[in-house]
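This report refers to the structure that appears directly beneath it.
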Amino acid sequence: MTLKQTMISLDAMDDGYVTGEKVKALFVDYAEISAHVQKVTGEKGSTDFIKIVIPGTEGKSKGGSVPTLGIVGRLGGIGARPSRIGLVSDADGAVAAVASALKLADMQVKGDRLKGDVIVTTHICPDAPTRPHEPVDFMDSPVDIGAMNAHEVLPEMDAVLSIDTTKGNRVINHKGFAISPTVKEGYILRVSEDLLRIMEMTTGLLPVTFPITMQDITPYGNDLYHINSILQPAVATSAPVVGVAVTAQSVVPGCGTGASHEIDIAAAVRFAVEVAKEVTNGTCAFYNPDEYDRIVKLYGSMKVLQTAGNA
């Protein structure tokens, strides 16, 4: 049951005056949940980064050693005012991340505590710029990708789900959500069998995946084509990263309004919450460590792909 939290998150963000502090206020009644907001200014404006920590019974925040899951709501902005009125499609990542935190917080109050910590990060900007992209325009961000990764991809995260609207393309023709192969330190690995199983379970449908390329896992700013920023967290961490793409059957611009579908977002949230349960319980792996070690032994490090290169 994640639709309630999705609707609360959507309602809070579909607001021209929304700030990180207003989103933080959604967690004021959850005594054990910590939420922090930091305003960051860039060349194209400012945004409020928010970090929400749902502590586990044996998590690192309490001196334990149980793995921590990071849930990153990836986006340029939740609005493109004044050129666009209302919540843009690109907001889905932020909505899903905050809704995931709300669901986990509510579970904790009701006695369903996870063993490990879950850290949710995203940023809140109702007036982000846009930029040209094929086949449809992208939402841009007030701050650069380095600042976004610095505030959203944290050292404590042992695995990362990066949730992002991924509708402005012609390679995904499915309405709902899809997951990517696992990316770790410059390697595109096989799609996690555990994540496929969880997707089947939470949707009641066959799992849906989406293709990624070498370009997609390289940093922004190198003049290469990227499907979007969904896998940009992978350039800033050694932890495995999986993209959770909120998708459409048609091509929808990230700056389009009236294009956020609460049922699809709630499905992605339900998936993220179940992954949190299993990662922190030790029953879900994003990749096979033995297989990863073997590929590195055979072909060497690919960490160079986490750098901007010579562009």
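Identifiers in the structure tokens: chain A, B, ... in order shown; residue index from 1 per chain; ligand index from 1 in order shown.
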Filtered DSSP result for region 12-49 of chain A, state strand (DSSP E), as a PyMOL selection string
chain A and resi 34-42+45-49
For the residues in that selection, give me N, CA, C and O atoms as a PDB file, in the first residue's frame.
ATOM      1  N   SER A  34      15.105  11.264  10.754  1.00  0.00           N
ATOM      2  CA  SER A  34      15.814  12.541  10.638  1.00  0.00           C
ATOM      3  C   SER A  34      15.734  13.035   9.199  1.00  0.00           C
ATOM      4  O   SER A  34      15.901  12.265   8.250  1.00  0.00           O
ATOM      5  N   ALA A  35      15.434  14.301   9.049  1.00  0.00           N
ATOM      6  CA  ALA A  35      15.348  14.926   7.730  1.00  0.00           C
ATOM      7  C   ALA A  35      16.123  16.235   7.767  1.00  0.00           C
ATOM      8  O   ALA A  35      15.937  17.051   8.673  1.00  0.00           O
ATOM      9  N   HIS A  36      17.008  16.416   6.787  1.00  0.00           N
ATOM     10  CA  HIS A  36      17.842  17.609   6.732  1.00  0.00           C
ATOM     11  C   HIS A  36      17.728  18.246   5.351  1.00  0.00           C
ATOM     12  O   HIS A  36      17.674  17.543   4.339  1.00  0.00           O
ATOM     13  N   VAL A  37      17.706  19.570   5.328  1.00  0.00           N
ATOM     14  CA  VAL A  37      17.601  20.324   4.075  1.00  0.00           C
ATOM     15  C   VAL A  37      18.782  21.264   3.952  1.00  0.00           C
ATOM     16  O   VAL A  37      19.190  21.900   4.929  1.00  0.00           O
ATOM     17  N   GLN A  38      19.345  21.328   2.754  1.00  0.00           N
ATOM     18  CA  GLN A  38      20.422  22.278   2.477  1.00  0.00           C
ATOM     19  C   GLN A  38      20.171  22.952   1.142  1.00  0.00           C
ATOM     20  O   GLN A  38      20.041  22.286   0.112  1.00  0.00           O
ATOM     21  N   LYS A  39      20.107  24.264   1.160  1.00  0.00           N
ATOM     22  CA  LYS A  39      19.925  25.031  -0.067  1.00  0.00           C
ATOM     23  C   LYS A  39      21.267  25.221  -0.745  1.00  0.00           C
ATOM     24  O   LYS A  39      22.254  25.602  -0.110  1.00  0.00           O
ATOM     25  N   VAL A  40      21.314  24.926  -2.057  1.00  0.00           N
ATOM     26  CA  VAL A  40      22.546  25.062  -2.829  1.00  0.00           C
ATOM     27  C   VAL A  40      22.244  25.933  -4.052  1.00  0.00           C
ATOM     28  O   VAL A  40      21.243  25.711  -4.744  1.00  0.00           O
ATOM     29  N   THR A  41      23.111  26.887  -4.300  1.00  0.00           N
ATOM     30  CA  THR A  41      22.924  27.814  -5.418  1.00  0.00           C
ATOM     31  C   THR A  41      23.958  27.541  -6.510  1.00  0.00           C
ATOM     32  O   THR A  41      25.141  27.340  -6.221  1.00  0.00           O
ATOM     33  N   GLY A  42      23.481  27.511  -7.754  1.00  0.00           N
ATOM     34  CA  GLY A  42      24.354  27.327  -8.906  1.00  0.00           C
ATOM     35  C   GLY A  42      24.204  28.474  -9.873  1.00  0.00           C
ATOM     36  O   GLY A  42      23.558  29.488  -9.574  1.00  0.00           O
ATOM     37  N   GLY A  45      20.380  29.135 -10.776  1.00  0.00           N
ATOM     38  CA  GLY A  45      19.370  29.240  -9.729  1.00  0.00           C
ATOM     39  C   GLY A  45      19.756  28.435  -8.505  1.00  0.00           C
ATOM     40  O   GLY A  45      20.938  28.151  -8.277  1.00  0.00           O
ATOM     41  N   SER A  46      18.765  28.062  -7.712  1.00  0.00           N
ATOM     42  CA  SER A  46      19.038  27.315  -6.487  1.00  0.00           C
ATOM     43  C   SER A  46      18.053  26.177  -6.327  1.00  0.00           C
ATOM     44  O   SER A  46      16.981  26.156  -6.955  1.00  0.00           O
ATOM     45  N   THR A  47      18.413  25.228  -5.478  1.00  0.00           N
ATOM     46  CA  THR A  47      17.533  24.106  -5.179  1.00  0.00           C
ATOM     47  C   THR A  47      17.779  23.671  -3.746  1.00  0.00           C
ATOM     48  O   THR A  47      18.832  23.961  -3.169  1.00  0.00           O
ATOM     49  N   ASP A  48      16.814  22.965  -3.164  1.00  0.00           N
ATOM     50  CA  ASP A  48      16.921  22.477  -1.791  1.00  0.00           C
ATOM     51  C   ASP A  48      17.149  20.971  -1.800  1.00  0.00           C
ATOM     52  O   ASP A  48      16.256  20.202  -2.186  1.00  0.00           O
ATOM     53  N   PHE A  49      18.329  20.549  -1.386  1.00  0.00           N
ATOM     54  CA  PHE A  49      18.604  19.124  -1.252  1.00  0.00           C
ATOM     55  C   PHE A  49      18.046  18.631   0.080  1.00  0.00           C
ATOM     56  O   PHE A  49      18.189  19.301   1.106  1.00  0.00           O
TER      57      PHE A  49
END
Would you please give, as number ranges by chain, all residues of region 47-228 of chain A that DSSP assigns to helix (DSSP H, G or I) based on the backbone?
A: 60-62, 89-109, 145-152, 193-203, 215-217
Give me, as a tab-separated table, the closest atom pair and its distance (Å, one decimal) for every residue of region 168-229 of chain A within a cut-off of 12 Å of region 86-94 of chain A, counting only C-alpha atoms, rows sorted by chain and rising number.
residue	atom	partner	partner_atom	distance
A:Gly168	CA	A:Ser89	CA	9.7
A:Gly176	CA	A:Asp92	CA	11.6
A:Phe177	CA	A:Asp92	CA	11.0
A:Asn228	CA	A:Asp90	CA	10.5
A:Ser229	CA	A:Asp90	CA	10.8
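Comparing the minimum interatomic distances between Ala25 (chain A) and each of A:Ala80, A:Val98, A:Val160, A:Met199, counting only C-alpha atoms, we find that A:Val98 sits nearest.
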Considering only C-alpha atoms, return as a PyMOL selection string whatever protein or nucleic-acid residues lie within 12 Å of Ile188 (chain A), sequence-local ones (same chain, fewer than 5 positions apart) excluded.
chain A and resi 180-183+211-218+231+234+240-243+286-287+292+295-296+302-303+305
Keeping C-alpha atoms for every residue in the selection just given, could you write it to a file as a PDB file, in the first residue's frame?
ATOM      1  CA  SER A 180      18.303  -1.206 -15.533  1.00  0.00           C
ATOM      2  CA  PRO A 181      21.200  -3.621 -15.361  1.00  0.00           C
ATOM      3  CA  THR A 182      23.414  -3.105 -12.328  1.00  0.00           C
ATOM      4  CA  VAL A 183      26.262  -0.633 -12.795  1.00  0.00           C
ATOM      5  CA  PRO A 211      18.828  -0.987 -22.184  1.00  0.00           C
ATOM      6  CA  ILE A 212      21.705   1.260 -21.237  1.00  0.00           C
ATOM      7  CA  THR A 213      24.913   2.090 -23.076  1.00  0.00           C
ATOM      8  CA  MET A 214      28.472   2.934 -22.114  1.00  0.00           C
ATOM      9  CA  GLN A 215      27.634   6.598 -22.692  1.00  0.00           C
ATOM     10  CA  ASP A 216      24.869   6.472 -20.081  1.00  0.00           C
ATOM     11  CA  ILE A 217      27.232   5.481 -17.281  1.00  0.00           C
ATOM     12  CA  THR A 218      29.799   8.203 -18.004  1.00  0.00           C
ATOM     13  CA  LEU A 231      22.683   6.417 -13.825  1.00  0.00           C
ATOM     14  CA  ALA A 234      27.118   5.418 -10.574  1.00  0.00           C
ATOM     15  CA  PRO A 240      26.242  -0.978  -7.123  1.00  0.00           C
ATOM     16  CA  VAL A 241      23.615   1.263  -8.711  1.00  0.00           C
ATOM     17  CA  VAL A 242      20.359   0.257 -10.399  1.00  0.00           C
ATOM     18  CA  GLY A 243      18.101   2.667 -12.247  1.00  0.00           C
ATOM     19  CA  PHE A 286      22.339  -6.197  -6.766  1.00  0.00           C
ATOM     20  CA  TYR A 287      25.194  -8.233  -8.248  1.00  0.00           C
ATOM     21  CA  TYR A 292      32.354  -9.107 -10.518  1.00  0.00           C
ATOM     22  CA  ILE A 295      35.479  -9.810 -14.676  1.00  0.00           C
ATOM     23  CA  VAL A 296      37.808  -7.274 -13.054  1.00  0.00           C
ATOM     24  CA  MET A 302      36.856   0.338 -15.564  1.00  0.00           C
ATOM     25  CA  LYS A 303      36.854   3.196 -13.059  1.00  0.00           C
ATOM     26  CA  LEU A 305      34.498   5.602 -17.009  1.00  0.00           C
TER      27      LEU A 305
END
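You will find CA of Asp140 (chain A) at 26.7 Å from CA of Leu102 (chain A).
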Polymer residues at most 9 Å from Leu154 (chain A), only C-alpha atoms, same-chain spacing of 2 or more positions, as number ranges by chain
A: 70, 119, 149-152, 156-157, 236-237
Which one of A:Cys284, A:Leu75, A:Met13, A:Ile33 sits closest to Asp106 (chain A) if you count only C-alpha atoms?
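The answer is A:Ile33, which sits nearest to Asp106 (chain A).
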Which residues of region 4-81 of chain A have any atom within 8 Å of an atom in region 256-276 of chain A when counting only C-alpha atoms, and what is the closest pair of atoms for each, with the distance in Å to one decimal? Order the rows by chain and rising number and write it as a Markdown table.
| residue | atom | partner | partner_atom | distance |
| --- | --- | --- | --- | --- |
| A:Thr6 | CA | A:Ala266 | CA | 5.7 |
| A:Met7 | CA | A:Glu262 | CA | 7.0 |
| A:Leu10 | CA | A:Glu262 | CA | 7.9 |
| A:Leu69 | CA | A:Ala276 | CA | 6.2 |
| A:Ile71 | CA | A:Ala272 | CA | 7.7 |
Skipping near chain neighbours, those fewer than 3 positions away, what residues fall within 7 Å of Leu114 (chain A) using only C-alpha atoms, listed as a list of chain:residue names?
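Those residues are A:Gly56, A:Thr57, A:Lys277, A:Thr280.
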Could you save those same residues with N, CA, C and O atoms as a PDB file, in the first residue's frame?
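See selection.pdb below for the written result:
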ATOM      1  N   GLY A  56      17.634   1.737  10.920  1.00  0.00           N
ATOM      2  CA  GLY A  56      17.314   0.336  11.136  1.00  0.00           C
ATOM      3  C   GLY A  56      17.674  -0.098  12.548  1.00  0.00           C
ATOM      4  O   GLY A  56      18.448   0.572  13.239  1.00  0.00           O
ATOM      5  N   THR A  57      17.144  -1.212  12.970  1.00  0.00           N
ATOM      6  CA  THR A  57      17.412  -1.704  14.318  1.00  0.00           C
ATOM      7  C   THR A  57      18.869  -2.097  14.500  1.00  0.00           C
ATOM      8  O   THR A  57      19.404  -2.022  15.616  1.00  0.00           O
ATOM      9  N   LYS A 277      13.461  -3.664   2.179  1.00  0.00           N
ATOM     10  CA  LYS A 277      13.266  -4.748   3.140  1.00  0.00           C
ATOM     11  C   LYS A 277      14.282  -5.858   2.925  1.00  0.00           C
ATOM     12  O   LYS A 277      14.911  -6.353   3.867  1.00  0.00           O
ATOM     13  N   THR A 280      18.244  -4.903   3.329  1.00  0.00           N
ATOM     14  CA  THR A 280      18.630  -4.762   4.729  1.00  0.00           C
ATOM     15  C   THR A 280      18.433  -6.057   5.513  1.00  0.00           C
ATOM     16  O   THR A 280      18.895  -6.169   6.647  1.00  0.00           O
TER      17      THR A 280
END
Please identify all polymer residues within 12 Å of Ser65 (chain A), counting only C-alpha atoms, omitting same-chain residues fewer than 4 positions from it, and present them as a PyMOL selection string.
chain A and resi 56-61+115-117+156+158+280-282
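Excluding Pro129 (chain A) itself and any same-chain residue fewer than 5 positions from it, the protein and nucleic acid residues within 9 Å of it, counting only C-alpha atoms, are Lys44, Gly45, Gly76, Gly77, Gly79, Ala80, Arg81, Ser83, Met139, Asp140, Ser141 and Pro142 of chain A.
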Resulting file, chosen residues, N, CA, C and O atoms, as a tab-separated table (two decimals), in the first residue's frame:
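What ended up in out-v4.tsv:
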chain	number	residue	atom	x	y	z
A	44	LYS	N	22.44	28.62	-12.47
A	44	LYS	CA	21.11	28.74	-13.06
A	44	LYS	C	20.00	28.83	-12.02
A	44	LYS	O	18.83	28.61	-12.32
A	45	GLY	N	20.38	29.13	-10.78
A	45	GLY	CA	19.37	29.24	-9.73
A	45	GLY	C	19.76	28.44	-8.51
A	45	GLY	O	20.94	28.15	-8.28
A	76	GLY	N	15.97	16.93	-12.72
A	76	GLY	CA	16.47	18.29	-12.88
A	76	GLY	C	15.71	19.25	-11.99
A	76	GLY	O	16.27	20.04	-11.25
A	77	GLY	N	14.38	19.15	-12.05
A	77	GLY	CA	13.53	19.98	-11.20
A	77	GLY	C	12.12	19.46	-11.20
A	77	GLY	O	11.72	18.71	-12.10
A	79	GLY	N	9.55	21.52	-11.24
A	79	GLY	CA	8.78	22.48	-12.00
A	79	GLY	C	9.69	23.29	-12.90
A	79	GLY	O	10.91	23.37	-12.67
A	80	ALA	N	9.13	23.89	-13.95
A	80	ALA	CA	9.90	24.71	-14.89
A	80	ALA	C	9.29	26.10	-14.99
A	80	ALA	O	9.24	26.70	-16.06
A	81	ARG	N	8.82	26.59	-13.87
A	81	ARG	CA	8.19	27.92	-13.86
A	81	ARG	C	9.24	29.00	-14.16
A	81	ARG	O	10.39	28.86	-13.78
A	83	SER	N	8.04	29.20	-17.37
A	83	SER	CA	7.72	28.77	-18.74
A	83	SER	C	6.69	27.65	-18.76
A	83	SER	O	5.97	27.48	-19.75
A	139	MET	N	14.55	18.52	-18.77
A	139	MET	CA	14.64	19.47	-17.67
A	139	MET	C	16.11	19.62	-17.34
A	139	MET	O	16.86	18.65	-17.31
A	140	ASP	N	16.55	20.83	-17.11
A	140	ASP	CA	17.90	21.08	-16.65
A	140	ASP	C	17.86	21.25	-15.13
A	140	ASP	O	16.80	21.14	-14.52
A	141	SER	N	19.01	21.49	-14.53
A	141	SER	CA	19.08	21.66	-13.08
A	141	SER	C	19.75	22.99	-12.75
A	141	SER	O	20.63	23.44	-13.50
A	142	PRO	N	19.38	23.62	-11.64
A	142	PRO	CA	20.05	24.86	-11.25
A	142	PRO	C	21.51	24.65	-10.87
A	142	PRO	O	22.30	25.58	-10.92
Pick the closest to Glu291 (chain A) from A:Ala178, A:Leu26, A:Val120, A:Leu189: which is it, counting only C-alpha atoms?
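Closest candidate: A:Leu189.
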